[in-house]
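What follows is a set of notes on a single structure, which appears directly below.
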Amino acid sequence: MSIKGMQDWFSGQPFPFDKISDLDAWSRAKEKEFTSREQVMGLLEENSNAYLAWLDSLTPEQLASTLDMGFASFPMAMAITFPADHTRAHASQIDYIQTTYGDLDWHMAG
């Protein structure tokens with residue numbers, strides 16, 4: 001969900017929530033729709049593929065632009081790395097949780 005949300009934001013759509021608590025409530029309700037690993041992986045693949053296609057469509061001028069996010073401005077070339085950083089952080093959280101349950105296999109290796 002975050003990859004698509006960030007892509008929408010980078011494309012100029014306004015952030016759809018006035019308060020972080022509204023985003024949190026929406027996210028928690030939306031997450032309940034996913035009850036299997038397959039569903040989650042399907043959404044991740046769908047949103048990642050759409051994001052990669054969007055990246056491929058960016059012009060040099062768009063890449064050189066500045067993205068105003070309301071609370072701060074970022075060079076677009078930097079902002080486009082946010083979805084990967086966000087996803088990597090969650091993957092690390094999952095890896096850590098697995099180790100606390102004694103699962104020492106490295107599931108990130110492909």
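Letters A, B, ... mark the chains of the structure tokens in the order given; residue numbers begin at 1 per chain; ligand numbers begin at 1, in order shown.
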
Enumerate as a PDB file with C-alpha atoms, in the first residue's frame all residues of chain A assigned to strand (DSSP E) by DSSP on the backbone, naming them with the chain letters and numbers the document uses.
```
ATOM      1  CA  THR A  66      11.921  19.192  -6.602  1.00  0.00           C
ATOM      2  CA  LEU A  67       9.105  17.421  -4.805  1.00  0.00           C
ATOM      3  CA  ASP A  68       7.250  19.531  -2.237  1.00  0.00           C
ATOM      4  CA  SER A  73      10.995  19.514  -0.110  1.00  0.00           C
ATOM      5  CA  PHE A  74      13.226  16.867  -1.653  1.00  0.00           C
ATOM      6  CA  PRO A  75      14.986  16.472  -4.973  1.00  0.00           C
TER       7      PRO A  75
END
```

Produce a table with one row for each residue of region 26-108 of chain A that has an atom at most 10 Å from any atom of region 7-19 of chain A, each row naming the nearest atom pair and its distance in Å at one decimal; use only C-alpha atoms; arrange rows by chain and rising residue number; format as a tab-separated table.
```
residue	atom	partner	partner_atom	distance
A:Trp26	CA	A:Phe17	CA	9.2
A:Asn47	CA	A:Gln7	CA	9.2
A:Ser48	CA	A:Gln7	CA	10.0
A:Ala50	CA	A:Gln7	CA	8.9
A:Tyr51	CA	A:Gln7	CA	6.6
A:Leu52	CA	A:Gln7	CA	9.9
A:Trp54	CA	A:Gln7	CA	8.0
A:Leu55	CA	A:Gln7	CA	9.2
A:Gln62	CA	A:Ser11	CA	9.9
A:Thr66	CA	A:Phe10	CA	10.0
A:Leu67	CA	A:Phe10	CA	6.9
A:Asp68	CA	A:Phe10	CA	8.9
A:Met69	CA	A:Trp9	CA	7.9
A:Gly70	CA	A:Phe15	CA	9.0
A:Met76	CA	A:Phe10	CA	8.0
A:Ala79	CA	A:Phe10	CA	7.9
A:Ile80	CA	A:Phe10	CA	7.9
A:Phe82	CA	A:Gln7	CA	9.8
A:Pro83	CA	A:Gln7	CA	8.3
```

Among region 5-99 of chain A, which residues carry a DSSP assignment of helix (DSSP H, G or I), reported as JSON, numbers by chain?
-> {"A": [5, 6, 7, 8, 9, 10, 20, 21, 22, 23, 24, 25, 26, 27, 28, 29, 30, 31, 37, 38, 39, 40, 41, 42, 43, 44, 45, 46, 47, 48, 49, 50, 51, 52, 53, 54, 55, 56, 57, 60, 61, 62, 63, 76, 77, 78, 79, 82, 83, 84, 85, 86, 87, 88, 89, 90, 91, 92, 93, 94, 95, 96, 97, 98, 99]}

Can you work out the spacing between CA of Glu46 (chain A) and CA of Thr59 (chain A) in Å, to one decimal?
->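 Between these atoms lies a distance of 22.7 Å.
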
Which polymer residues have any atom within 10 Å of an atom of Leu44 (chain A), counting only C-alpha atoms, with same-chain residues fewer than 3 positions away left out, as a VMD selection string?
-> chain A and resid 1 to 4 38 to 41 47 to 50 87

Selection to disk with N, CA and C atoms, as a PDB file, in the first residue's frame:
```pdb
ATOM      1  N   MET A   1       0.827  -1.183   0.000  1.00  0.00           N
ATOM      2  CA  MET A   1       0.000   0.000   0.000  1.00  0.00           C
ATOM      3  C   MET A   1       0.873   1.250   0.000  1.00  0.00           C
ATOM      4  N   SER A   2       1.988   1.200   0.721  1.00  0.00           N
ATOM      5  CA  SER A   2       2.841   2.383   0.815  1.00  0.00           C
ATOM      6  C   SER A   2       3.495   2.742  -0.506  1.00  0.00           C
ATOM      7  N   ILE A   3       3.892   1.726  -1.279  1.00  0.00           N
ATOM      8  CA  ILE A   3       4.534   2.016  -2.564  1.00  0.00           C
ATOM      9  C   ILE A   3       3.572   2.798  -3.456  1.00  0.00           C
ATOM     10  N   LYS A   4       2.331   2.343  -3.546  1.00  0.00           N
ATOM     11  CA  LYS A   4       1.340   3.041  -4.368  1.00  0.00           C
ATOM     12  C   LYS A   4       1.062   4.431  -3.807  1.00  0.00           C
ATOM     13  N   GLU A  38       0.285 -15.036   0.292  1.00  0.00           N
ATOM     14  CA  GLU A  38       0.127 -14.916  -1.154  1.00  0.00           C
ATOM     15  C   GLU A  38      -0.548 -13.597  -1.538  1.00  0.00           C
ATOM     16  N   GLN A  39      -1.550 -13.189  -0.776  1.00  0.00           N
ATOM     17  CA  GLN A  39      -2.228 -11.920  -1.056  1.00  0.00           C
ATOM     18  C   GLN A  39      -1.263 -10.747  -0.883  1.00  0.00           C
ATOM     19  N   VAL A  40      -0.501 -10.787   0.185  1.00  0.00           N
ATOM     20  CA  VAL A  40       0.443  -9.701   0.462  1.00  0.00           C
ATOM     21  C   VAL A  40       1.523  -9.645  -0.617  1.00  0.00           C
ATOM     22  N   MET A  41       2.063 -10.797  -0.971  1.00  0.00           N
ATOM     23  CA  MET A  41       3.101 -10.832  -2.001  1.00  0.00           C
ATOM     24  C   MET A  41       2.538 -10.390  -3.352  1.00  0.00           C
ATOM     25  N   ASN A  47       2.120  -3.530  -6.960  1.00  0.00           N
ATOM     26  CA  ASN A  47       2.489  -2.135  -6.720  1.00  0.00           C
ATOM     27  C   ASN A  47       3.935  -1.847  -7.120  1.00  0.00           C
ATOM     28  N   SER A  48       4.817  -2.818  -6.915  1.00  0.00           N
ATOM     29  CA  SER A  48       6.218  -2.634  -7.316  1.00  0.00           C
ATOM     30  C   SER A  48       6.335  -2.529  -8.830  1.00  0.00           C
ATOM     31  N   ASN A  49       5.643  -3.395  -9.552  1.00  0.00           N
ATOM     32  CA  ASN A  49       5.680  -3.339 -11.018  1.00  0.00           C
ATOM     33  C   ASN A  49       5.128  -2.019 -11.540  1.00  0.00           C
ATOM     34  N   ALA A  50       4.041  -1.547 -10.938  1.00  0.00           N
ATOM     35  CA  ALA A  50       3.467  -0.260 -11.352  1.00  0.00           C
ATOM     36  C   ALA A  50       4.447   0.876 -11.062  1.00  0.00           C
ATOM     37  N   THR A  87      10.382  -0.178   2.086  1.00  0.00           N
ATOM     38  CA  THR A  87      10.191  -1.627   1.976  1.00  0.00           C
ATOM     39  C   THR A  87      11.333  -2.374   2.649  1.00  0.00           C
TER      40      THR A  87
END
```

How many Å separate CA of Ala64 (chain A) from CA of Met6 (chain A)?
-> 17.8 Å

Kindly indicate which residue among A:Glu31, A:Asp22, A:Gly102, A:His86 lies nearest to Leu43 (chain A), using only C-alpha atoms for the distances.
->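 Nearest to Leu43 (chain A): A:Glu31.
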